$ cat entry11.pdb   # PDB, C-alpha atoms and all ligand atoms
MODEL        1
ATOM      1  CA  MET A   1      19.476  37.544  -2.582
ATOM      2  CA  ALA A   2      17.621  37.280  -5.908
ATOM      3  CA  SER A   3      13.938  38.198  -5.709
ATOM      4  CA  ILE A   4      11.274  35.657  -6.520
ATOM      5  CA  GLN A   5       8.645  38.378  -6.920
ATOM      6  CA  ASP A   6       6.598  37.847 -10.095
ATOM      7  CA  GLN A   7       8.767  34.994 -11.392
ATOM      8  CA  ILE A   8       6.769  32.130 -12.886
ATOM      9  CA  VAL A   9       7.407  28.841 -11.118
ATOM     10  CA  LEU A  10       6.100  25.556 -12.528
ATOM     11  CA  ILE A  11       5.919  22.778  -9.941
ATOM     12  CA  THR A  12       5.169  19.186 -10.935
ATOM     13  CA  GLY A  13       3.575  17.020  -8.266
ATOM     14  CA  ALA A  14       2.106  20.053  -6.507
ATOM     15  CA  SER A  15      -0.952  18.212  -5.187
ATOM     16  CA  SER A  16       0.864  16.733  -2.183
ATOM     17  CA  GLY A  17       3.993  16.646  -0.027
ATOM     18  CA  ILE A  18       7.123  18.453  -1.168
ATOM     19  CA  GLY A  19       5.468  19.948  -4.266
ATOM     20  CA  ALA A  20       2.587  21.459  -2.284
ATOM     21  CA  ALA A  21       5.031  22.797   0.327
ATOM     22  CA  CYS A  22       7.098  24.400  -2.475
ATOM     23  CA  ALA A  23       3.914  26.036  -3.789
ATOM     24  CA  ARG A  24       3.279  27.561  -0.358
ATOM     25  CA  ALA A  25       6.888  28.766   0.005
ATOM     26  CA  PHE A  26       7.002  30.367  -3.455
ATOM     27  CA  ALA A  27       3.535  31.895  -3.039
ATOM     28  CA  GLN A  28       4.715  33.576   0.151
ATOM     29  CA  GLY A  29       7.724  34.891  -1.794
ATOM     30  CA  GLY A  30       5.420  36.549  -4.359
ATOM     31  CA  ALA A  31       5.917  34.146  -7.295
ATOM     32  CA  LYS A  32       3.265  33.220  -9.857
ATOM     33  CA  LEU A  33       2.616  29.497  -9.928
ATOM     34  CA  VAL A  34       1.754  26.814 -12.448
ATOM     35  CA  LEU A  35       0.708  23.806 -10.394
ATOM     36  CA  VAL A  36       0.852  20.426 -12.122
ATOM     37  CA  ALA A  37      -0.513  17.038 -10.999
ATOM     38  CA  ARG A  38      -3.129  14.448 -11.930
ATOM     39  CA  ARG A  39      -5.479  15.292  -9.012
ATOM     40  CA  LEU A  40      -6.993  18.580 -10.169
ATOM     41  CA  GLU A  41      -9.274  18.982  -7.146
ATOM     42  CA  ARG A  42      -6.227  18.945  -4.852
ATOM     43  CA  LEU A  43      -4.549  21.628  -6.968
ATOM     44  CA  GLU A  44      -7.666  23.767  -6.918
ATOM     45  CA  GLU A  45      -7.928  23.468  -3.124
ATOM     46  CA  LEU A  46      -4.304  24.565  -2.825
ATOM     47  CA  ALA A  47      -4.868  27.463  -5.240
ATOM     48  CA  GLN A  48      -7.777  28.558  -3.067
ATOM     49  CA  GLU A  49      -5.556  28.445   0.039
ATOM     50  CA  LEU A  50      -2.817  30.450  -1.701
ATOM     51  CA  LYS A  51      -5.206  33.329  -2.415
ATOM     52  CA  GLN A  52      -4.299  34.687   1.018
ATOM     53  CA  TYR A  53      -0.864  35.623  -0.408
ATOM     54  CA  GLY A  54      -2.381  37.297  -3.482
ATOM     55  CA  THR A  55      -0.746  34.622  -5.623
ATOM     56  CA  GLN A  56      -1.717  34.121  -9.263
ATOM     57  CA  VAL A  57      -2.086  30.381  -9.837
ATOM     58  CA  TYR A  58      -2.719  28.309 -12.938
ATOM     59  CA  CYS A  59      -3.738  24.704 -12.244
ATOM     60  CA  LEU A  60      -2.776  22.171 -14.883
ATOM     61  CA  GLN A  61      -4.133  18.654 -14.645
ATOM     62  CA  LEU A  62      -1.448  16.544 -16.223
ATOM     63  CA  ASP A  63       0.035  13.081 -16.105
ATOM     64  CA  VAL A  64       3.740  13.740 -16.698
ATOM     65  CA  CYS A  65       4.064  10.264 -18.264
ATOM     66  CA  ASP A  66       1.735  11.166 -21.120
ATOM     67  CA  ARG A  67       4.215  12.569 -23.608
ATOM     68  CA  THR A  68       1.647  13.724 -26.165
ATOM     69  CA  PHE A  69      -0.524  15.432 -23.595
ATOM     70  CA  VAL A  70       2.458  17.026 -21.820
ATOM     71  CA  LYS A  71       3.428  18.612 -25.137
ATOM     72  CA  SER A  72      -0.033  19.911 -26.002
ATOM     73  CA  ALA A  73      -0.785  21.077 -22.450
ATOM     74  CA  LEU A  74       2.448  23.035 -22.041
ATOM     75  CA  ARG A  75       2.170  24.513 -25.546
ATOM     76  CA  SER A  76      -1.388  25.644 -24.859
ATOM     77  CA  LEU A  77      -0.639  27.452 -21.596
ATOM     78  CA  PRO A  78      -2.256  30.909 -21.819
ATOM     79  CA  GLU A  79       0.123  33.644 -22.982
ATOM     80  CA  PRO A  80       0.841  35.210 -19.556
ATOM     81  CA  TRP A  81       2.136  31.803 -18.407
ATOM     82  CA  HIS A  82       4.488  31.089 -21.325
ATOM     83  CA  ASN A  83       7.767  32.124 -19.773
ATOM     84  CA  ILE A  84       8.575  29.707 -16.972
ATOM     85  CA  ASP A  85      11.468  31.057 -14.895
ATOM     86  CA  ILE A  86      11.796  28.176 -12.448
ATOM     87  CA  LEU A  87      10.906  24.553 -13.107
ATOM     88  CA  ILE A  88      10.643  22.272 -10.086
ATOM     89  CA  ASN A  89      10.720  18.682 -11.317
ATOM     90  CA  ASN A  90       9.216  17.091  -8.235
ATOM     91  CA  ALA A  91       6.520  14.663  -9.485
ATOM     92  CA  GLY A  92       7.692  11.199  -8.610
ATOM     93  CA  LEU A  93       6.932   8.056  -6.719
ATOM     94  CA  SER A  94       8.135   4.719  -5.470
ATOM     95  CA  ARG A  95       6.108   1.532  -5.816
ATOM     96  CA  GLY A  96       6.923  -1.485  -3.686
ATOM     97  CA  LEU A  97       9.963  -2.553  -1.701
ATOM     98  CA  ASP A  98      10.255  -6.088  -3.040
ATOM     99  CA  LYS A  99      13.312  -7.974  -4.138
ATOM    100  CA  PHE A 100      13.893  -7.402  -7.850
ATOM    101  CA  TYR A 101      13.215 -11.045  -8.665
ATOM    102  CA  THR A 102       9.732 -10.952  -7.161
ATOM    103  CA  ALA A 103       8.771  -7.327  -7.845
ATOM    104  CA  ASP A 104       5.765  -6.299  -9.916
ATOM    105  CA  ILE A 105       6.916  -5.181 -13.364
ATOM    106  CA  GLN A 106       4.005  -2.733 -13.570
ATOM    107  CA  ASP A 107       5.461  -0.950 -10.520
ATOM    108  CA  TRP A 108       8.778  -0.654 -12.365
ATOM    109  CA  GLU A 109       7.102   0.791 -15.438
ATOM    110  CA  GLU A 110       5.309   3.410 -13.345
ATOM    111  CA  MET A 111       8.488   4.529 -11.549
ATOM    112  CA  ILE A 112      10.564   4.684 -14.737
ATOM    113  CA  ASP A 113       7.818   6.469 -16.676
ATOM    114  CA  THR A 114       7.222   9.061 -13.951
ATOM    115  CA  ASN A 115      10.598   9.655 -12.325
ATOM    116  CA  ILE A 116      12.735   9.567 -15.476
ATOM    117  CA  LYS A 117      10.634   9.932 -18.596
ATOM    118  CA  GLY A 118       8.120  12.396 -17.116
ATOM    119  CA  LEU A 119      10.925  14.609 -15.855
ATOM    120  CA  LEU A 120      12.547  14.504 -19.288
ATOM    121  CA  TYR A 121       9.355  15.298 -21.217
ATOM    122  CA  ILE A 122       8.664  18.400 -19.126
ATOM    123  CA  THR A 123      12.259  19.613 -19.131
ATOM    124  CA  ARG A 124      12.777  19.057 -22.863
ATOM    125  CA  LEU A 125       9.808  21.333 -23.538
ATOM    126  CA  LEU A 126      10.614  24.111 -21.072
ATOM    127  CA  ALA A 127      14.423  24.323 -21.196
ATOM    128  CA  PRO A 128      14.712  25.690 -24.794
ATOM    129  CA  LYS A 129      12.668  28.764 -23.854
ATOM    130  CA  MET A 130      14.907  29.328 -20.827
ATOM    131  CA  VAL A 131      17.988  29.206 -23.058
ATOM    132  CA  GLU A 132      16.339  31.512 -25.591
ATOM    133  CA  ARG A 133      15.343  34.053 -22.911
ATOM    134  CA  GLY A 134      18.681  33.806 -21.125
ATOM    135  CA  ARG A 135      17.131  33.023 -17.756
ATOM    136  CA  GLY A 136      15.911  30.008 -15.895
ATOM    137  CA  HIS A 137      16.488  27.537 -13.095
ATOM    138  CA  ILE A 138      15.697  23.832 -13.135
ATOM    139  CA  ILE A 139      15.375  22.107  -9.778
ATOM    140  CA  ASN A 140      15.339  18.322  -9.917
ATOM    141  CA  ILE A 141      14.128  16.545  -6.810
ATOM    142  CA  GLY A 142      16.411  13.520  -6.579
ATOM    143  CA  SER A 143      16.940  11.451  -3.453
ATOM    144  CA  ILE A 144      19.510   9.917  -1.141
ATOM    145  CA  ALA A 145      18.326   6.797  -3.010
ATOM    146  CA  GLY A 146      20.119   8.104  -6.090
ATOM    147  CA  HIS A 147      23.396   8.102  -4.177
ATOM    148  CA  GLN A 148      23.015   4.886  -2.158
ATOM    149  CA  THR A 149      21.017   1.811  -3.132
ATOM    150  CA  TYR A 150      19.157  -0.081  -0.402
ATOM    151  CA  PRO A 151      17.614  -3.571  -0.269
ATOM    152  CA  GLY A 152      14.325  -3.663  -2.169
ATOM    153  CA  GLY A 153      15.001  -0.169  -3.527
ATOM    154  CA  ASN A 154      16.322  -1.591  -6.814
ATOM    155  CA  VAL A 155      14.311   0.232  -9.496
ATOM    156  CA  TYR A 156      13.319   3.263  -7.393
ATOM    157  CA  CYS A 157      17.009   3.815  -6.545
ATOM    158  CA  ALA A 158      17.895   3.359 -10.221
ATOM    159  CA  THR A 159      15.403   6.055 -11.241
ATOM    160  CA  LYS A 160      16.876   8.482  -8.725
ATOM    161  CA  ALA A 161      20.428   7.593  -9.856
ATOM    162  CA  ALA A 162      19.141   8.488 -13.322
ATOM    163  CA  VAL A 163      17.876  11.837 -12.014
ATOM    164  CA  LYS A 164      21.353  12.468 -10.575
ATOM    165  CA  ALA A 165      22.970  11.658 -13.946
ATOM    166  CA  LEU A 166      20.437  13.804 -15.783
ATOM    167  CA  SER A 167      21.062  16.766 -13.477
ATOM    168  CA  GLU A 168      24.792  16.459 -14.194
ATOM    169  CA  GLY A 169      24.169  16.142 -17.938
ATOM    170  CA  MET A 170      21.791  19.105 -17.993
ATOM    171  CA  LYS A 171      24.392  21.243 -16.226
ATOM    172  CA  MET A 172      27.029  20.301 -18.789
ATOM    173  CA  ASP A 173      24.762  20.938 -21.762
ATOM    174  CA  LEU A 174      23.594  24.291 -20.350
ATOM    175  CA  LEU A 175      27.125  25.463 -19.598
ATOM    176  CA  GLY A 176      27.662  28.839 -21.252
ATOM    177  CA  THR A 177      24.035  29.830 -20.706
ATOM    178  CA  PRO A 178      22.735  31.507 -17.527
ATOM    179  CA  VAL A 179      20.307  28.623 -16.909
ATOM    180  CA  ARG A 180      21.023  26.876 -13.608
ATOM    181  CA  VAL A 181      20.354  23.264 -12.620
ATOM    182  CA  THR A 182      20.157  22.143  -9.013
ATOM    183  CA  SER A 183      19.574  18.672  -7.643
ATOM    184  CA  VAL A 184      17.928  18.614  -4.213
ATOM    185  CA  ASP A 185      18.268  15.097  -2.801
ATOM    186  CA  PRO A 186      16.402  14.399   0.456
ATOM    187  CA  GLY A 187      16.379  11.397   2.758
ATOM    188  CA  MET A 188      13.224  10.445   4.653
ATOM    189  CA  VAL A 189      10.482  13.061   4.335
ATOM    190  CA  LYS A 190       7.059  12.403   5.847
ATOM    191  CA  THR A 191       4.601  12.879   2.984
ATOM    192  CA  GLU A 192       2.272  10.538   1.114
ATOM    193  CA  PHE A 193       5.400   8.920  -0.383
ATOM    194  CA  SER A 194       5.321   5.728   1.716
ATOM    195  CA  GLN A 195       1.551   5.339   1.379
ATOM    196  CA  VAL A 196       2.026   5.417  -2.382
ATOM    197  CA  ARG A 197       5.002   3.029  -2.134
ATOM    198  CA  PHE A 198       2.918   0.519  -0.172
ATOM    199  CA  HIS A 199      -0.177   0.935  -2.367
ATOM    200  CA  GLY A 200      -2.282   2.636   0.328
ATOM    201  CA  ASP A 201      -1.187   0.541   3.343
ATOM    202  CA  VAL A 202      -1.205   3.420   5.861
ATOM    203  CA  GLU A 203      -0.093   1.300   8.818
ATOM    204  CA  ARG A 204       2.988   0.064   6.978
ATOM    205  CA  ALA A 205       3.680   3.573   5.705
ATOM    206  CA  ASN A 206       3.541   5.048   9.212
ATOM    207  CA  LYS A 207       6.066   2.472  10.478
ATOM    208  CA  VAL A 208       8.683   3.960   8.140
ATOM    209  CA  TYR A 209       8.760   7.108  10.290
ATOM    210  CA  GLN A 210       8.197   5.467  13.694
ATOM    211  CA  GLY A 211      10.610   6.535  16.435
ATOM    212  CA  ILE A 212      12.387   9.169  14.362
ATOM    213  CA  THR A 213      11.815  12.792  13.508
ATOM    214  CA  PRO A 214      11.767  12.725   9.705
ATOM    215  CA  LEU A 215      12.151  15.755   7.484
ATOM    216  CA  SER A 216       8.934  17.598   6.706
ATOM    217  CA  ALA A 217       7.914  18.676   3.219
ATOM    218  CA  GLU A 218       8.337  22.258   4.460
ATOM    219  CA  ASP A 219      11.999  21.574   5.387
ATOM    220  CA  VAL A 220      12.685  20.570   1.791
ATOM    221  CA  ALA A 221      10.646  23.432   0.300
ATOM    222  CA  GLU A 222      12.649  25.936   2.335
ATOM    223  CA  ILE A 223      15.855  24.519   0.822
ATOM    224  CA  VAL A 224      14.465  24.601  -2.714
ATOM    225  CA  TYR A 225      13.462  28.229  -2.151
ATOM    226  CA  PHE A 226      16.941  29.038  -0.820
ATOM    227  CA  CYS A 227      18.592  27.490  -3.912
ATOM    228  CA  THR A 228      16.483  29.592  -6.282
ATOM    229  CA  THR A 229      17.113  32.850  -4.463
ATOM    230  CA  ARG A 230      20.924  32.889  -4.686
ATOM    231  CA  PRO A 231      22.480  35.575  -6.911
ATOM    232  CA  PRO A 232      22.632  34.597 -10.632
ATOM    233  CA  HIS A 233      26.347  33.674 -10.511
ATOM    234  CA  VAL A 234      25.771  31.161  -7.681
ATOM    235  CA  ASN A 235      24.458  27.677  -8.428
ATOM    236  CA  ILE A 236      23.896  25.183  -5.637
ATOM    237  CA  SER A 237      24.714  22.201  -7.774
ATOM    238  CA  GLU A 238      23.688  19.255  -5.608
ATOM    239  CA  LEU A 239      22.387  19.154  -2.095
ATOM    240  CA  ILE A 240      21.738  16.118   0.107
ATOM    241  CA  VAL A 241      19.496  16.733   3.100
ATOM    242  CA  LEU A 242      18.832  14.110   5.757
ATOM    243  CA  ALA A 243      16.948  14.068   9.037
ATOM    244  CA  THR A 244      19.323  14.228  11.979
ATOM    245  CA  ASP A 245      18.106  10.720  12.852
ATOM    246  CA  GLN A 246      19.279   9.393   9.465
ATOM    247  CA  ALA A 247      22.981   8.824   8.693
ATOM    248  CA  SER A 248      22.658   7.087   5.327
ATOM    249  CA  ALA A 249      20.010   5.497   3.118
ATOM    250  CA  THR A 250      19.917   2.481   5.439
ATOM    251  CA  LEU A 251      21.163   3.719   8.816
ATOM    252  CA  VAL A 252      18.438   5.299  10.926
ATOM    253  CA  HIS A 253      18.372   5.847  14.699
ATOM    254  CA  ARG A 254      14.992   4.994  16.236
ATOM    255  CA  TYR A 255      14.036   5.985  19.772
ATOM    256  CA  THR A 256      11.366   3.304  20.061
TER
HETATM  257  P1  LIG B   1       3.902  12.605  -2.420
HETATM  258  O1  LIG B   1       3.355  11.252  -2.748
HETATM  259  O2  LIG B   1       3.349  13.312  -1.242
HETATM  260  O3  LIG B   1       3.782  13.553  -3.693
HETATM  261  C1  LIG B   1       4.063  13.092  -4.979
HETATM  262  C2  LIG B   1       3.522  14.071  -6.007
HETATM  263  O4  LIG B   1       3.859  13.606  -7.319
HETATM  264  C3  LIG B   1       2.013  14.195  -5.950
HETATM  265  O5  LIG B   1       1.656  15.547  -6.057
HETATM  266  C4  LIG B   1       1.541  13.431  -7.178
HETATM  267  O6  LIG B   1       0.350  14.031  -7.694
HETATM  268  C5  LIG B   1       2.700  13.689  -8.136
HETATM  269  N1  LIG B   1       2.751  12.704  -9.208
HETATM  270  C6  LIG B   1       3.007  11.382  -9.120
HETATM  271  N2  LIG B   1       2.902  10.811 -10.313
HETATM  272  C7  LIG B   1       2.566  11.794 -11.198
HETATM  273  C8  LIG B   1       2.301  11.825 -12.594
HETATM  274  N3  LIG B   1       2.349  10.725 -13.336
HETATM  275  N4  LIG B   1       1.990  13.026 -13.149
HETATM  276  C9  LIG B   1       1.924  14.143 -12.410
HETATM  277  N5  LIG B   1       2.171  14.173 -11.081
HETATM  278  C10 LIG B   1       2.472  13.010 -10.495
HETATM  279  O7  LIG B   1       5.467  12.387  -2.264
HETATM  280  P2  LIG B   1       6.670  13.414  -1.994
HETATM  281  O8  LIG B   1       6.205  14.797  -1.870
HETATM  282  O9  LIG B   1       7.483  12.837  -0.907
HETATM  283  O10 LIG B   1       7.480  13.211  -3.347
HETATM  284  C11 LIG B   1       7.896  14.268  -4.176
HETATM  285  C12 LIG B   1       9.246  13.913  -4.791
HETATM  286  O11 LIG B   1      10.209  13.801  -3.760
HETATM  287  C13 LIG B   1       9.280  12.583  -5.542
HETATM  288  O12 LIG B   1      10.045  12.750  -6.718
HETATM  289  C14 LIG B   1      10.009  11.656  -4.577
HETATM  290  O13 LIG B   1      10.673  10.615  -5.250
HETATM  291  C15 LIG B   1      10.973  12.632  -3.948
HETATM  292  N6  LIG B   1      11.540  12.245  -2.658
HETATM  293  C16 LIG B   1      10.713  11.945  -1.607
HETATM  294  C17 LIG B   1      11.280  11.583  -0.397
HETATM  295  C18 LIG B   1      10.438  11.180   0.774
HETATM  296  O14 LIG B   1      10.977  10.523   1.689
HETATM  297  N7  LIG B   1       9.176  11.538   0.852
HETATM  298  C19 LIG B   1      12.722  11.588  -0.215
HETATM  299  C20 LIG B   1      13.480  11.890  -1.390
HETATM  300  C21 LIG B   1      12.890  12.238  -2.543
HETATM  301  P3  LIG B   1      -0.908  13.264  -8.302
HETATM  302  O15 LIG B   1      -0.980  11.921  -7.639
HETATM  303  O16 LIG B   1      -2.060  14.170  -7.978
HETATM  304  O17 LIG B   1      -0.623  13.201  -9.758
HETATM  305  C1  LIG B   2      12.834   8.727  -0.813
HETATM  306  C2  LIG B   2      13.772   8.434   0.297
HETATM  307  O1  LIG B   2      15.107   6.553   1.368
HETATM  308  O2  LIG B   2      12.721   6.220   1.087
HETATM  309  O3  LIG B   2      13.533   8.924  -1.981
HETATM  310  O4  LIG B   2      14.173   6.124  -0.797
HETATM  311  S1  LIG B   2      13.960   6.745   0.474
ENDMDL
END

$ encode --input "entry11.pdb" --output "structure tokens" --more "lines below"
Ligand code: NDP
Ligand code: 8X3
Amino acid sequence: MASIQDQIVLITGASSGIGAACARAFAQGGAKLVLVARRLERLEELAQELKQYGTQVYCLQLDVCDRTFVKSALRSLPEPWHNIDILINNAGLSRGLDKFYTADIQDWEEMIDTNIKGLLYITRLLAPKMVERGRGHIINIGSIAGHQTYPGGNVYCATKAAVKALSEGMKMDLLGTPVRVTSVDPGMVKTEFSQVRFHGDVERANKVYQGITPLSAEDVAEIVYFCTTRPPHVNISELIVLATDQASATLVHRYT
């Protein structure tokens, strides 16, 4: 098993859910962390919590959609944080579950800008250094929604299908370098995801997980950690993880 000790891991969307759980998992493994999100106070709270593991943390308040700021912020990281070993492209969101012909176009813009363009901006800036140094691992958090489209999922599913295509393309373009690319594609994970999808409607969000045992953010983080700790010649290329109560994007067994 490859050691994570002292590797620098940059996690986008670390202020909540899967990203925050990844931060905890990698901190426990002895990594140094760059935590990225828009909500700085959340990142700072997490950094405080991670002190118990002796983790070095750099909090970076950043909107991944802001191409100019992404560039200047990543370029102005202090010297000890320049060499990112592992990039976890996790920042992402869904907005709405409406039919495409009634959906809010602003919701579409936000999903496309964050899930596709944000991921690209960050990766385009960090990947060249990985190639140059001859080490690196890019983890893209995709989704079952990138493999199977569901009613009302239209644009969200399209963004995750794009993440799937980008992961494949990145792997092809990085072939011949030691830089690995892994796509981790979960089904239903109980995080703030559904609250964000339904614009803060907590009751509606909770119904998504009613009567099932969904995945937890920690379940996914454990898998991400596993992928990054394989020996250098092993790349887990694509991994779909579903709750036992979920058979496909649309088929879920509910007890109540
Ligand atoms: P959460 O809503 O709990 O977390 C989303 C994270 O993304 C937050 O930290 C948020 O931080 C960050 N984020 C959103 N927009 C931006 C932005 N413009 N710039 C920087 N950070 C941003 O949801 P999850 O943890 O569930 O989602 C994480 C990833 O997992 C997403 O890509 C999602 O699509 C994917 N996924 C989720 C599944 C689920 O069922 N929950 C299943 C499959 C995939 P902040 O608001 O502070 O900026
Ligand atoms: C999140 C999982 O099925 O809600 O990507 O789209 S799903």

$ resolve_selection --input "entry11.pdb" --expression "the PyMOL selection byres (((chain A and resi 79-94) around 8) and not hetatm)" --output "CSV table (one decimal) with C-alpha atoms, in the frame of the given file"
chain,number,residue,atom,x,y,z
A,7,GLN,CA,8.8,35.0,-11.4
A,8,ILE,CA,6.8,32.1,-12.9
A,9,VAL,CA,7.4,28.8,-11.1
A,10,LEU,CA,6.1,25.6,-12.5
A,11,ILE,CA,5.9,22.8,-9.9
A,12,THR,CA,5.2,19.2,-10.9
A,13,GLY,CA,3.6,17.0,-8.3
A,14,ALA,CA,2.1,20.1,-6.5
A,18,ILE,CA,7.1,18.5,-1.2
A,19,GLY,CA,5.5,19.9,-4.3
A,34,VAL,CA,1.8,26.8,-12.4
A,37,ALA,CA,-0.5,17.0,-11.0
A,64,VAL,CA,3.7,13.7,-16.7
A,77,LEU,CA,-0.6,27.5,-21.6
A,78,PRO,CA,-2.3,30.9,-21.8
A,95,ARG,CA,6.1,1.5,-5.8
A,96,GLY,CA,6.9,-1.5,-3.7
A,111,MET,CA,8.5,4.5,-11.5
A,114,THR,CA,7.2,9.1,-14.0
A,115,ASN,CA,10.6,9.7,-12.3
A,119,LEU,CA,10.9,14.6,-15.9
A,123,THR,CA,12.3,19.6,-19.1
A,126,LEU,CA,10.6,24.1,-21.1
A,129,LYS,CA,12.7,28.8,-23.9
A,130,MET,CA,14.9,29.3,-20.8
A,135,ARG,CA,17.1,33.0,-17.8
A,136,GLY,CA,15.9,30.0,-15.9
A,137,HIS,CA,16.5,27.5,-13.1
A,138,ILE,CA,15.7,23.8,-13.1
A,139,ILE,CA,15.4,22.1,-9.8
A,140,ASN,CA,15.3,18.3,-9.9
A,141,ILE,CA,14.1,16.5,-6.8
A,156,TYR,CA,13.3,3.3,-7.4
A,193,PHE,CA,5.4,8.9,-0.4
A,194,SER,CA,5.3,5.7,1.7
A,196,VAL,CA,2.0,5.4,-2.4
A,197,ARG,CA,5.0,3.0,-2.1
A,228,THR,CA,16.5,29.6,-6.3

$ closest_residue --input "entry11.pdb" --among "A:Val70, A:Cys65, A:Ile240, A:Ala145" --to "ligand LIG 2 (chain B)" --atoms "all atoms listed in the file"
A:Ala145

$ resolve_selection --input "entry11.pdb" --expression "the PyMOL selection byres (((chain A and resi 57) around 9) and not hetatm)" --output "PyMOL selection string"
chain A and resi 27+32-35+47+50-51+55-56+58-59

$ atom_distance --input "entry11.pdb" --atom1 "atom CA of A:Ala103" --atom2 "atom CA of A:Pro151"
12.2 Å

$ residues_near_ligand --input "entry11.pdb" --ligand "ligand LIG 2 (chain B)" --cutoff "6 Å" --atoms "all atoms listed in the file" --output "PyMOL selection string"
chain A and resi 143+145+187-188+249

$ atom_distance --input "entry11.pdb" --atom1 "atom CA of A:His199" --atom2 "atom C5 of ligand LIG 1 (chain B)"
14.3 Å

$ resolve_selection --input "entry11.pdb" --expression "the PyMOL selection byres (((chain A and resi 158) around 12) and not hetatm)" --output "PDB file with C-alpha atoms, keeping the file's coordinate frame"
ATOM      1  CA  SER A  94       8.135   4.719  -5.470  1.00  0.00           C
ATOM      2  CA  PHE A 100      13.893  -7.402  -7.850  1.00  0.00           C
ATOM      3  CA  TRP A 108       8.778  -0.654 -12.365  1.00  0.00           C
ATOM      4  CA  MET A 111       8.488   4.529 -11.549  1.00  0.00           C
ATOM      5  CA  ILE A 112      10.564   4.684 -14.737  1.00  0.00           C
ATOM      6  CA  ASN A 115      10.598   9.655 -12.325  1.00  0.00           C
ATOM      7  CA  ILE A 116      12.735   9.567 -15.476  1.00  0.00           C
ATOM      8  CA  GLY A 142      16.411  13.520  -6.579  1.00  0.00           C
ATOM      9  CA  SER A 143      16.940  11.451  -3.453  1.00  0.00           C
ATOM     10  CA  ILE A 144      19.510   9.917  -1.141  1.00  0.00           C
ATOM     11  CA  ALA A 145      18.326   6.797  -3.010  1.00  0.00           C
ATOM     12  CA  GLY A 146      20.119   8.104  -6.090  1.00  0.00           C
ATOM     13  CA  HIS A 147      23.396   8.102  -4.177  1.00  0.00           C
ATOM     14  CA  GLN A 148      23.015   4.886  -2.158  1.00  0.00           C
ATOM     15  CA  THR A 149      21.017   1.811  -3.132  1.00  0.00           C
ATOM     16  CA  TYR A 150      19.157  -0.081  -0.402  1.00  0.00           C
ATOM     17  CA  GLY A 152      14.325  -3.663  -2.169  1.00  0.00           C
ATOM     18  CA  GLY A 153      15.001  -0.169  -3.527  1.00  0.00           C
ATOM     19  CA  ASN A 154      16.322  -1.591  -6.814  1.00  0.00           C
ATOM     20  CA  VAL A 155      14.311   0.232  -9.496  1.00  0.00           C
ATOM     21  CA  TYR A 156      13.319   3.263  -7.393  1.00  0.00           C
ATOM     22  CA  CYS A 157      17.009   3.815  -6.545  1.00  0.00           C
ATOM     23  CA  THR A 159      15.403   6.055 -11.241  1.00  0.00           C
ATOM     24  CA  LYS A 160      16.876   8.482  -8.725  1.00  0.00           C
ATOM     25  CA  ALA A 161      20.428   7.593  -9.856  1.00  0.00           C
ATOM     26  CA  ALA A 162      19.141   8.488 -13.322  1.00  0.00           C
ATOM     27  CA  VAL A 163      17.876  11.837 -12.014  1.00  0.00           C
ATOM     28  CA  LYS A 164      21.353  12.468 -10.575  1.00  0.00           C
ATOM     29  CA  ALA A 165      22.970  11.658 -13.946  1.00  0.00           C
TER      30      ALA A 165
END

$ closest_residue --input "entry11.pdb" --among "A:Gln5, A:Ser16, A:Thr177, A:Ser216" --to "ligand LIG 1 (chain B)" --atoms "only C-alpha atoms and all ligand atoms"
A:Ser16

$ decode --input "entry11.pdb" --residues "stretch 22-49 of chain A" --atoms "C-alpha atoms" --output "short mmCIF file (atom, residue, chain, number, x, y, z; two decimals), in the first residue's frame"
data_model
loop_
_atom_site.label_atom_id
_atom_site.label_comp_id
_atom_site.auth_asym_id
_atom_site.auth_seq_id
_atom_site.Cartn_x
_atom_site.Cartn_y
_atom_site.Cartn_z
CA CYS A 22 -12.23 13.05 2.47
CA ALA A 23 -10.41 15.75 4.45
CA ARG A 24 -10.92 13.75 7.65
CA ALA A 25 -9.80 10.47 6.04
CA PHE A 26 -6.64 11.97 4.51
CA ALA A 27 -5.82 13.89 7.70
CA GLN A 28 -5.94 10.63 9.63
CA GLY A 29 -3.58 9.14 7.03
CA GLY A 30 -1.02 11.91 7.67
CA ALA A 31 -1.52 13.97 4.48
CA LYS A 32 -1.20 17.75 4.23
CA LEU A 33 -4.39 19.36 3.00
CA VAL A 34 -5.45 22.28 0.84
CA LEU A 35 -9.15 22.72 1.49
CA VAL A 36 -11.13 24.61 -1.14
CA ALA A 37 -14.71 25.95 -1.02
CA ARG A 38 -16.64 29.22 -1.01
CA ARG A 39 -17.61 29.01 2.70
CA LEU A 40 -14.33 29.89 4.40
CA GLU A 41 -15.72 29.69 7.94
CA ARG A 42 -16.70 26.06 7.35
CA LEU A 43 -13.19 25.27 6.11
CA GLU A 44 -11.63 26.97 9.11
CA GLU A 45 -13.86 25.00 11.50
CA LEU A 46 -12.80 21.78 9.79
CA ALA A 47 -9.12 22.80 9.92
CA GLN A 48 -9.53 23.38 13.64
CA GLU A 49 -11.06 19.91 14.06
#
